[in-house]
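So this one's query_33.cif, mmCIF, N, CA and C atoms:
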data_query
#
loop_
_atom_site.label_atom_id
_atom_site.label_comp_id
_atom_site.auth_asym_id
_atom_site.auth_seq_id
_atom_site.Cartn_x
_atom_site.Cartn_y
_atom_site.Cartn_z
N MET Y 1 91.77 84.02 -93.91
CA MET Y 1 90.78 84.88 -93.31
C MET Y 1 89.44 84.77 -94.05
N ARG Y 2 89.47 84.74 -95.38
CA ARG Y 2 88.24 84.63 -96.15
C ARG Y 2 87.54 83.29 -95.92
N ALA Y 3 88.32 82.23 -95.87
CA ALA Y 3 87.73 80.90 -95.67
C ALA Y 3 87.04 80.82 -94.31
N GLY Y 4 87.67 81.35 -93.28
CA GLY Y 4 87.07 81.34 -91.94
C GLY Y 4 85.76 82.12 -91.91
N GLY Y 5 85.73 83.26 -92.58
CA GLY Y 5 84.51 84.06 -92.63
C GLY Y 5 83.39 83.35 -93.40
N ALA Y 6 83.77 82.67 -94.48
CA ALA Y 6 82.77 81.94 -95.27
C ALA Y 6 82.19 80.78 -94.47
N LEU Y 7 83.06 80.06 -93.76
CA LEU Y 7 82.57 78.96 -92.93
C LEU Y 7 81.66 79.46 -91.82
N ARG Y 8 82.04 80.57 -91.21
CA ARG Y 8 81.22 81.14 -90.14
C ARG Y 8 79.84 81.54 -90.67
N GLU Y 9 79.81 82.17 -91.83
CA GLU Y 9 78.53 82.58 -92.41
C GLU Y 9 77.67 81.38 -92.79
N ARG Y 10 78.31 80.33 -93.30
CA ARG Y 10 77.56 79.11 -93.66
C ARG Y 10 76.96 78.46 -92.42
N PHE Y 11 77.73 78.40 -91.33
CA PHE Y 11 77.25 77.82 -90.09
C PHE Y 11 76.09 78.64 -89.52
N ILE Y 12 76.19 79.95 -89.58
CA ILE Y 12 75.11 80.82 -89.10
C ILE Y 12 73.87 80.62 -89.96
N GLY Y 13 74.04 80.48 -91.27
CA GLY Y 13 72.90 80.23 -92.15
C GLY Y 13 72.21 78.92 -91.84
N LEU Y 14 72.99 77.89 -91.53
CA LEU Y 14 72.39 76.60 -91.16
C LEU Y 14 71.61 76.70 -89.86
N SER Y 15 72.09 77.49 -88.94
CA SER Y 15 71.42 77.59 -87.64
C SER Y 15 70.11 78.36 -87.72
N ARG Y 16 69.91 79.10 -88.79
CA ARG Y 16 68.66 79.85 -88.93
C ARG Y 16 67.51 78.99 -89.45
N LEU Y 17 67.82 77.85 -90.06
CA LEU Y 17 66.77 76.97 -90.54
C LEU Y 17 66.14 76.24 -89.36
N PRO Y 18 64.82 76.24 -89.25
CA PRO Y 18 64.18 75.62 -88.08
C PRO Y 18 64.25 74.10 -88.12
N LEU Y 19 64.40 73.51 -86.95
CA LEU Y 19 64.32 72.06 -86.79
C LEU Y 19 63.11 71.76 -85.92
N HIS Y 20 62.38 70.72 -86.27
CA HIS Y 20 61.24 70.28 -85.47
C HIS Y 20 61.53 68.88 -84.96
N PHE Y 21 60.90 68.50 -83.87
CA PHE Y 21 61.11 67.20 -83.27
C PHE Y 21 59.78 66.47 -83.13
N SER Y 22 59.79 65.16 -83.38
CA SER Y 22 58.61 64.35 -83.10
C SER Y 22 58.53 64.20 -81.58
N ALA Y 23 57.42 63.68 -81.09
CA ALA Y 23 57.24 63.52 -79.64
C ALA Y 23 58.29 62.56 -79.07
N ALA Y 24 58.61 61.50 -79.79
CA ALA Y 24 59.61 60.54 -79.30
C ALA Y 24 61.01 61.16 -79.27
N ALA Y 25 61.37 61.89 -80.31
CA ALA Y 25 62.68 62.53 -80.35
C ALA Y 25 62.80 63.61 -79.28
N LEU Y 26 61.74 64.36 -79.06
CA LEU Y 26 61.76 65.39 -78.02
C LEU Y 26 61.89 64.77 -76.63
N ALA Y 27 61.24 63.64 -76.40
CA ALA Y 27 61.37 62.95 -75.11
C ALA Y 27 62.81 62.49 -74.90
N ASP Y 28 63.46 62.01 -75.95
CA ASP Y 28 64.86 61.62 -75.84
C ASP Y 28 65.76 62.82 -75.54
N MET Y 29 65.48 63.93 -76.19
CA MET Y 29 66.31 65.13 -76.00
C MET Y 29 66.17 65.71 -74.59
N GLN Y 30 65.08 65.42 -73.91
CA GLN Y 30 64.88 65.96 -72.57
C GLN Y 30 65.55 65.12 -71.49
N GLN Y 31 66.13 63.98 -71.86
CA GLN Y 31 66.90 63.17 -70.91
C GLN Y 31 68.37 63.57 -71.02
N ALA Y 32 68.98 63.83 -69.86
CA ALA Y 32 70.36 64.34 -69.85
C ALA Y 32 71.35 63.41 -70.54
N GLU Y 33 71.22 62.12 -70.37
CA GLU Y 33 72.18 61.19 -70.97
C GLU Y 33 71.97 61.00 -72.47
N ARG Y 34 70.83 61.41 -72.99
CA ARG Y 34 70.56 61.28 -74.43
C ARG Y 34 70.56 62.60 -75.17
N PHE Y 35 70.73 63.70 -74.48
CA PHE Y 35 70.69 65.02 -75.09
C PHE Y 35 71.85 65.20 -76.07
N VAL Y 36 71.54 65.75 -77.23
CA VAL Y 36 72.55 66.09 -78.24
C VAL Y 36 72.33 67.56 -78.59
N PRO Y 37 73.36 68.40 -78.48
CA PRO Y 37 73.20 69.82 -78.81
C PRO Y 37 72.73 70.02 -80.25
N LEU Y 38 71.98 71.08 -80.46
CA LEU Y 38 71.40 71.34 -81.79
C LEU Y 38 72.46 71.51 -82.86
N HIS Y 39 73.58 72.16 -82.53
CA HIS Y 39 74.60 72.34 -83.56
C HIS Y 39 75.21 71.01 -83.97
N ILE Y 40 75.26 70.03 -83.08
CA ILE Y 40 75.75 68.70 -83.43
C ILE Y 40 74.74 67.99 -84.34
N LEU Y 41 73.45 68.16 -84.04
CA LEU Y 41 72.42 67.57 -84.92
C LEU Y 41 72.50 68.17 -86.31
N ARG Y 42 72.67 69.48 -86.38
CA ARG Y 42 72.77 70.14 -87.68
C ARG Y 42 74.00 69.67 -88.45
N LEU Y 43 75.13 69.54 -87.75
CA LEU Y 43 76.35 69.07 -88.41
C LEU Y 43 76.21 67.61 -88.85
N ALA Y 44 75.52 66.80 -88.07
CA ALA Y 44 75.29 65.42 -88.45
C ALA Y 44 74.46 65.35 -89.73
N MET Y 45 73.48 66.24 -89.84
CA MET Y 45 72.64 66.28 -91.04
C MET Y 45 73.43 66.83 -92.23
N ARG Y 46 74.39 67.67 -91.96
CA ARG Y 46 75.19 68.27 -93.03
C ARG Y 46 76.30 67.33 -93.50
N CYS Y 47 76.97 66.65 -92.56
CA CYS Y 47 78.19 65.90 -92.88
C CYS Y 47 78.06 64.39 -92.73
N GLY Y 48 76.94 63.92 -92.18
CA GLY Y 48 76.81 62.47 -91.95
C GLY Y 48 76.49 61.70 -93.21
N CYS Y 49 76.60 60.39 -93.11
CA CYS Y 49 76.24 59.51 -94.22
C CYS Y 49 74.73 59.44 -94.33
N CYS Y 50 74.22 59.75 -95.51
CA CYS Y 50 72.78 59.81 -95.73
C CYS Y 50 72.33 58.61 -96.56
N GLU Y 51 71.23 57.99 -96.13
CA GLU Y 51 70.63 56.89 -96.88
C GLU Y 51 69.13 56.88 -96.61
N PRO Y 52 68.35 56.29 -97.49
CA PRO Y 52 66.90 56.22 -97.25
C PRO Y 52 66.61 55.44 -95.97
N ALA Y 53 65.64 55.91 -95.22
CA ALA Y 53 65.26 55.23 -93.98
C ALA Y 53 64.61 53.90 -94.32
N VAL Y 54 64.96 52.87 -93.57
CA VAL Y 54 64.45 51.53 -93.81
C VAL Y 54 63.09 51.38 -93.13
N GLY Y 55 62.13 50.80 -93.83
CA GLY Y 55 60.82 50.51 -93.24
C GLY Y 55 59.84 51.66 -93.29
N ASN Y 56 60.19 52.77 -93.90
CA ASN Y 56 59.26 53.89 -94.00
C ASN Y 56 58.72 53.96 -95.43
N VAL Y 57 57.44 54.24 -95.55
CA VAL Y 57 56.84 54.40 -96.87
C VAL Y 57 57.05 55.81 -97.40
N ASP Y 58 57.37 56.74 -96.52
CA ASP Y 58 57.61 58.12 -96.92
C ASP Y 58 58.97 58.22 -97.59
N ALA Y 59 59.00 58.57 -98.86
CA ALA Y 59 60.26 58.65 -99.60
C ALA Y 59 61.12 59.82 -99.15
N ALA Y 60 60.53 60.80 -98.46
CA ALA Y 60 61.28 61.98 -98.02
C ALA Y 60 61.94 61.76 -96.67
N THR Y 61 61.86 60.56 -96.11
CA THR Y 61 62.48 60.26 -94.82
C THR Y 61 63.85 59.64 -95.06
N VAL Y 62 64.87 60.23 -94.46
CA VAL Y 62 66.23 59.75 -94.62
C VAL Y 62 66.86 59.48 -93.25
N ARG Y 63 67.93 58.70 -93.28
CA ARG Y 63 68.65 58.37 -92.05
C ARG Y 63 70.09 58.85 -92.19
N TYR Y 64 70.56 59.55 -91.20
CA TYR Y 64 71.94 60.02 -91.15
C TYR Y 64 72.68 59.27 -90.06
N THR Y 65 73.89 58.85 -90.34
CA THR Y 65 74.75 58.26 -89.31
C THR Y 65 76.08 58.98 -89.34
N VAL Y 66 76.60 59.23 -88.14
CA VAL Y 66 77.88 59.93 -88.02
C VAL Y 66 78.55 59.50 -86.72
N GLY Y 67 79.86 59.42 -86.75
CA GLY Y 67 80.62 59.10 -85.56
C GLY Y 67 80.83 60.34 -84.70
N ILE Y 68 80.62 60.22 -83.41
CA ILE Y 68 80.82 61.32 -82.47
C ILE Y 68 81.61 60.79 -81.28
N THR Y 69 81.97 61.68 -80.38
CA THR Y 69 82.63 61.30 -79.13
C THR Y 69 81.82 61.86 -77.98
N ARG Y 70 81.41 61.00 -77.06
CA ARG Y 70 80.67 61.43 -75.87
C ARG Y 70 81.45 60.99 -74.65
N LYS Y 71 81.85 61.95 -73.85
CA LYS Y 71 82.63 61.67 -72.64
C LYS Y 71 83.86 60.83 -72.96
N ARG Y 72 84.55 61.21 -74.03
CA ARG Y 72 85.78 60.57 -74.49
C ARG Y 72 85.59 59.12 -74.95
N VAL Y 73 84.36 58.75 -75.25
CA VAL Y 73 84.06 57.40 -75.75
C VAL Y 73 83.50 57.54 -77.16
N PRO Y 74 84.09 56.86 -78.15
CA PRO Y 74 83.54 56.93 -79.50
C PRO Y 74 82.11 56.37 -79.54
N ALA Y 75 81.26 57.06 -80.24
CA ALA Y 75 79.86 56.65 -80.32
C ALA Y 75 79.36 56.87 -81.74
N LEU Y 76 78.24 56.26 -82.05
CA LEU Y 76 77.58 56.43 -83.34
C LEU Y 76 76.25 57.14 -83.10
N LEU Y 77 76.01 58.20 -83.84
CA LEU Y 77 74.76 58.96 -83.75
C LEU Y 77 73.96 58.68 -85.01
N GLU Y 78 72.69 58.32 -84.82
CA GLU Y 78 71.81 58.04 -85.95
C GLU Y 78 70.57 58.93 -85.84
N LEU Y 79 70.29 59.66 -86.89
CA LEU Y 79 69.12 60.54 -86.95
C LEU Y 79 68.21 60.06 -88.07
N THR Y 80 66.93 60.00 -87.80
CA THR Y 80 65.93 59.75 -88.83
C THR Y 80 65.16 61.06 -89.02
N VAL Y 81 65.20 61.59 -90.24
CA VAL Y 81 64.67 62.93 -90.50
C VAL Y 81 63.69 62.88 -91.66
N ARG Y 82 62.56 63.56 -91.51
CA ARG Y 82 61.62 63.77 -92.62
C ARG Y 82 61.91 65.16 -93.16
N TRP Y 83 62.46 65.23 -94.38
CA TRP Y 83 62.93 66.49 -94.93
C TRP Y 83 61.81 67.43 -95.35
N VAL Y 84 60.63 66.94 -95.55
CA VAL Y 84 59.54 67.81 -96.02
C VAL Y 84 59.31 68.97 -95.06
N GLU Y 85 59.23 68.67 -93.78
CA GLU Y 85 59.05 69.74 -92.78
C GLU Y 85 60.22 69.84 -91.82
N ARG Y 86 61.37 69.23 -92.18
CA ARG Y 86 62.59 69.26 -91.36
C ARG Y 86 62.31 68.79 -89.93
N THR Y 87 61.69 67.62 -89.81
CA THR Y 87 61.33 67.05 -88.52
C THR Y 87 62.25 65.88 -88.21
N ILE Y 88 62.87 65.91 -87.04
CA ILE Y 88 63.68 64.80 -86.57
C ILE Y 88 62.74 63.80 -85.92
N LEU Y 89 62.65 62.61 -86.48
CA LEU Y 89 61.73 61.60 -86.00
C LEU Y 89 62.32 60.74 -84.90
N ARG Y 90 63.62 60.46 -85.00
CA ARG Y 90 64.25 59.58 -84.01
C ARG Y 90 65.72 59.92 -83.89
N ILE Y 91 66.21 59.88 -82.66
CA ILE Y 91 67.62 60.08 -82.36
C ILE Y 91 68.10 58.86 -81.60
N ARG Y 92 69.11 58.18 -82.13
CA ARG Y 92 69.69 57.04 -81.44
C ARG Y 92 71.20 57.24 -81.36
N GLN Y 93 71.78 56.78 -80.29
CA GLN Y 93 73.24 56.81 -80.17
C GLN Y 93 73.68 55.66 -79.30
N TRP Y 94 74.83 55.11 -79.62
CA TRP Y 94 75.36 54.01 -78.84
C TRP Y 94 76.88 54.02 -78.96
N PRO Y 95 77.57 53.51 -77.93
CA PRO Y 95 79.03 53.46 -77.96
C PRO Y 95 79.52 52.48 -79.03
N VAL Y 96 80.61 52.85 -79.68
CA VAL Y 96 81.17 52.02 -80.74
C VAL Y 96 82.07 50.94 -80.15
N GLY Y 97 82.93 51.31 -79.23
CA GLY Y 97 83.84 50.33 -78.63
C GLY Y 97 84.12 50.68 -77.19
N ALA Y 98 84.57 49.71 -76.43
CA ALA Y 98 84.90 49.93 -75.02
C ALA Y 98 86.38 50.22 -74.90
N GLN Y 99 86.73 51.01 -73.89
CA GLN Y 99 88.14 51.32 -73.65
C GLN Y 99 88.72 50.42 -72.61
#
Could you spell out this file's structure in structure tokens?
Amino acid sequence: MRAGGALRERFIGLSRLPLHFSAAALADMQQAERFVPLHILRLAMRCGCCEPAVGNVDAATVRYTVGITRKRVPALLELTVRWVERTILRIRQWPVGAQ
């Protein structure tokens, strides 16, 4: 019971932190086939593999990759985030394998 309550409070705390989107990321989010719910983006930033973004001079820009499932198809979600102002710069996703 305590663990469930702690996890719930942690998730609520994460959802209170604001996320911002670049114009390109916002355009992707407005397309139905590319939309990713905010709680999935937050979990990807929390639990995904983090590494410095390639090709950016900004040292505060990182890239997260995480495996997800979309319509029962395994996919890879990649987020490029600038942590200074918590701005998502790019959202990419693609299927991992065919069924």
>> Taking 2 positions as the minimum chain separation for residues in the same chain, which residues sit within 12 Å of Thr69 of chain Y when counting only C-alpha atoms? Answer as a ChimeraX atom specification.
In response: /Y:36,40,66-67,71-77,93-97
> Looking at all atoms listed in the file, which of Y:Gly4, Y:Arg46, Y:Val62, Y:Arg10 is the one that sits closest to Trp83 of chain Y?
Replying inline: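 Of Y:Gly4, Y:Arg46, Y:Val62, Y:Arg10, the one nearest Trp83 of chain Y is Y:Val62, counting all atoms listed in the file.
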> atom N of Glu51 of chain Y to atom C of Gly5 of chain Y: how many Å, to one decimal?
Replying inline: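 It comes out at 28.3 Å.
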Within 9 Å of Arg34 of chain Y using only C-alpha atoms, minus same-chain residues under 6 positions, as a JSON list (two decimals) with N, CA and C atoms, in the coordinates of the input:
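Below you can see out_20.json, which holds the result:
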[["chain", "number", "residue", "atom", "x", "y", "z"],
["Y", 28, "ASP", "N", 63.46, 62.01, -75.95],
["Y", 28, "ASP", "CA", 64.86, 61.62, -75.84],
["Y", 28, "ASP", "C", 65.76, 62.82, -75.54],
["Y", 91, "ILE", "N", 66.21, 59.88, -82.66],
["Y", 91, "ILE", "CA", 67.62, 60.08, -82.36],
["Y", 91, "ILE", "C", 68.10, 58.86, -81.60],
["Y", 92, "ARG", "N", 69.11, 58.18, -82.13],
["Y", 92, "ARG", "CA", 69.69, 57.04, -81.44],
["Y", 92, "ARG", "C", 71.20, 57.24, -81.36],
["Y", 93, "GLN", "N", 71.78, 56.78, -80.29],
["Y", 93, "GLN", "CA", 73.24, 56.81, -80.17],
["Y", 93, "GLN", "C", 73.68, 55.66, -79.30]]
>> Under the rule that all atoms listed in the file are counted, which of Y:Gln30, Y:Arg70, Y:Glu85, Y:Arg90 is the nearest residue to Pro18 of chain Y?
In response: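 Under the stated criterion, the closest residue is Y:Glu85.
Between atom C of His20 of chain Y and atom C of Ala60 of chain Y the interatomic distance comes to 13.7 Å.
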Listed atoms of segment 1-10 of chain Y boxed along x, y and z, 8 Å each side, centre and edge lengths in Å, one decimal, as JSON:
{"center_x": 84.4, "center_y": 81.7, "center_z": -93.1, "size_x": 30.8, "size_y": 22.4, "size_z": 22.0}
>> Write out as a ChimeraX atom specification the set of residues from chain Y that DSSP, computed on the backbone, places in strand (DSSP E or B).
In response: /Y:20-21,49-52,61-70,73-82,87-95
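Atom CA of Ser22 of chain Y is found 6.6 Å from atom CA of Thr87 of chain Y.
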> Which is closest to Met45 of chain Y among Y:Leu79, Y:Val84, Y:Leu89, Y:Leu26, if we use all atoms listed in the file?
Replying inline: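 Closest to Met45 of chain Y, using all atoms listed in the file: Y:Leu79.
Between Leu38 of chain Y and the residues Y:Thr61, Y:Leu17, Y:Val54, Y:Ala23, the shortest atom-to-atom distance, using only C-alpha atoms, involves Y:Leu17.
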> What residues have an atom no more than 6.5 Å from (70.2, 59.5, -89.7) in the file's own frame, counting all atoms listed in the file, and can you write them as a list in words?
Replying inline: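 Taken together, the residues in range are Cys49, Val62, Arg63, Tyr64, Thr65, Leu77, Glu78, Leu79, Thr80 and Val81 of chain Y.
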N, CA, C and O atoms are needed for segment 67-84 of chain Y; please write them out as a PDB file, in the coordinates of the input.
ATOM      1  N   GLY Y  67      79.860  59.420 -86.750  1.00  0.00           N
ATOM      2  CA  GLY Y  67      80.620  59.100 -85.560  1.00  0.00           C
ATOM      3  C   GLY Y  67      80.830  60.340 -84.700  1.00  0.00           C
ATOM      4  O   GLY Y  67      81.156  61.409 -85.228  1.00  0.00           O
ATOM      5  N   ILE Y  68      80.620  60.220 -83.410  1.00  0.00           N
ATOM      6  CA  ILE Y  68      80.820  61.320 -82.470  1.00  0.00           C
ATOM      7  C   ILE Y  68      81.610  60.790 -81.280  1.00  0.00           C
ATOM      8  O   ILE Y  68      81.888  59.597 -81.183  1.00  0.00           O
ATOM      9  N   THR Y  69      81.970  61.680 -80.380  1.00  0.00           N
ATOM     10  CA  THR Y  69      82.630  61.300 -79.130  1.00  0.00           C
ATOM     11  C   THR Y  69      81.820  61.860 -77.980  1.00  0.00           C
ATOM     12  O   THR Y  69      81.549  63.061 -77.941  1.00  0.00           O
ATOM     13  N   ARG Y  70      81.410  61.000 -77.060  1.00  0.00           N
ATOM     14  CA  ARG Y  70      80.670  61.430 -75.870  1.00  0.00           C
ATOM     15  C   ARG Y  70      81.450  60.990 -74.650  1.00  0.00           C
ATOM     16  O   ARG Y  70      81.689  59.808 -74.466  1.00  0.00           O
ATOM     17  N   LYS Y  71      81.850  61.950 -73.850  1.00  0.00           N
ATOM     18  CA  LYS Y  71      82.630  61.670 -72.640  1.00  0.00           C
ATOM     19  C   LYS Y  71      83.860  60.830 -72.960  1.00  0.00           C
ATOM     20  O   LYS Y  71      84.157  59.847 -72.303  1.00  0.00           O
ATOM     21  N   ARG Y  72      84.550  61.210 -74.030  1.00  0.00           N
ATOM     22  CA  ARG Y  72      85.780  60.570 -74.490  1.00  0.00           C
ATOM     23  C   ARG Y  72      85.590  59.120 -74.950  1.00  0.00           C
ATOM     24  O   ARG Y  72      86.533  58.350 -74.997  1.00  0.00           O
ATOM     25  N   VAL Y  73      84.360  58.750 -75.250  1.00  0.00           N
ATOM     26  CA  VAL Y  73      84.060  57.400 -75.750  1.00  0.00           C
ATOM     27  C   VAL Y  73      83.500  57.540 -77.160  1.00  0.00           C
ATOM     28  O   VAL Y  73      82.526  58.269 -77.377  1.00  0.00           O
ATOM     29  N   PRO Y  74      84.090  56.860 -78.150  1.00  0.00           N
ATOM     30  CA  PRO Y  74      83.540  56.930 -79.500  1.00  0.00           C
ATOM     31  C   PRO Y  74      82.110  56.370 -79.540  1.00  0.00           C
ATOM     32  O   PRO Y  74      81.819  55.349 -78.908  1.00  0.00           O
ATOM     33  N   ALA Y  75      81.260  57.060 -80.240  1.00  0.00           N
ATOM     34  CA  ALA Y  75      79.860  56.650 -80.320  1.00  0.00           C
ATOM     35  C   ALA Y  75      79.360  56.870 -81.740  1.00  0.00           C
ATOM     36  O   ALA Y  75      79.983  57.569 -82.532  1.00  0.00           O
ATOM     37  N   LEU Y  76      78.240  56.260 -82.050  1.00  0.00           N
ATOM     38  CA  LEU Y  76      77.580  56.430 -83.340  1.00  0.00           C
ATOM     39  C   LEU Y  76      76.250  57.140 -83.100  1.00  0.00           C
ATOM     40  O   LEU Y  76      75.472  56.722 -82.245  1.00  0.00           O
ATOM     41  N   LEU Y  77      76.010  58.200 -83.840  1.00  0.00           N
ATOM     42  CA  LEU Y  77      74.760  58.960 -83.750  1.00  0.00           C
ATOM     43  C   LEU Y  77      73.960  58.680 -85.010  1.00  0.00           C
ATOM     44  O   LEU Y  77      74.478  58.754 -86.124  1.00  0.00           O
ATOM     45  N   GLU Y  78      72.690  58.320 -84.820  1.00  0.00           N
ATOM     46  CA  GLU Y  78      71.810  58.040 -85.950  1.00  0.00           C
ATOM     47  C   GLU Y  78      70.570  58.930 -85.840  1.00  0.00           C
ATOM     48  O   GLU Y  78      69.907  58.950 -84.811  1.00  0.00           O
ATOM     49  N   LEU Y  79      70.290  59.660 -86.890  1.00  0.00           N
ATOM     50  CA  LEU Y  79      69.120  60.540 -86.950  1.00  0.00           C
ATOM     51  C   LEU Y  79      68.210  60.060 -88.070  1.00  0.00           C
ATOM     52  O   LEU Y  79      68.676  59.765 -89.164  1.00  0.00           O
ATOM     53  N   THR Y  80      66.930  60.000 -87.800  1.00  0.00           N
ATOM     54  CA  THR Y  80      65.930  59.750 -88.830  1.00  0.00           C
ATOM     55  C   THR Y  80      65.160  61.060 -89.020  1.00  0.00           C
ATOM     56  O   THR Y  80      64.589  61.580 -88.059  1.00  0.00           O
ATOM     57  N   VAL Y  81      65.200  61.590 -90.240  1.00  0.00           N
ATOM     58  CA  VAL Y  81      64.670  62.930 -90.500  1.00  0.00           C
ATOM     59  C   VAL Y  81      63.690  62.880 -91.660  1.00  0.00           C
ATOM     60  O   VAL Y  81      63.958  62.243 -92.686  1.00  0.00           O
ATOM     61  N   ARG Y  82      62.560  63.560 -91.510  1.00  0.00           N
ATOM     62  CA  ARG Y  82      61.620  63.770 -92.620  1.00  0.00           C
ATOM     63  C   ARG Y  82      61.910  65.160 -93.160  1.00  0.00           C
ATOM     64  O   ARG Y  82      61.655  66.162 -92.501  1.00  0.00           O
ATOM     65  N   TRP Y  83      62.460  65.230 -94.380  1.00  0.00           N
ATOM     66  CA  TRP Y  83      62.930  66.490 -94.930  1.00  0.00           C
ATOM     67  C   TRP Y  83      61.810  67.430 -95.350  1.00  0.00           C
ATOM     68  O   TRP Y  83      62.046  68.629 -95.495  1.00  0.00           O
ATOM     69  N   VAL Y  84      60.630  66.940 -95.550  1.00  0.00           N
ATOM     70  CA  VAL Y  84      59.540  67.810 -96.020  1.00  0.00           C
ATOM     71  C   VAL Y  84      59.310  68.970 -95.060  1.00  0.00           C
ATOM     72  O   VAL Y  84      59.244  70.122 -95.459  1.00  0.00           O
TER      73      VAL Y  84
END
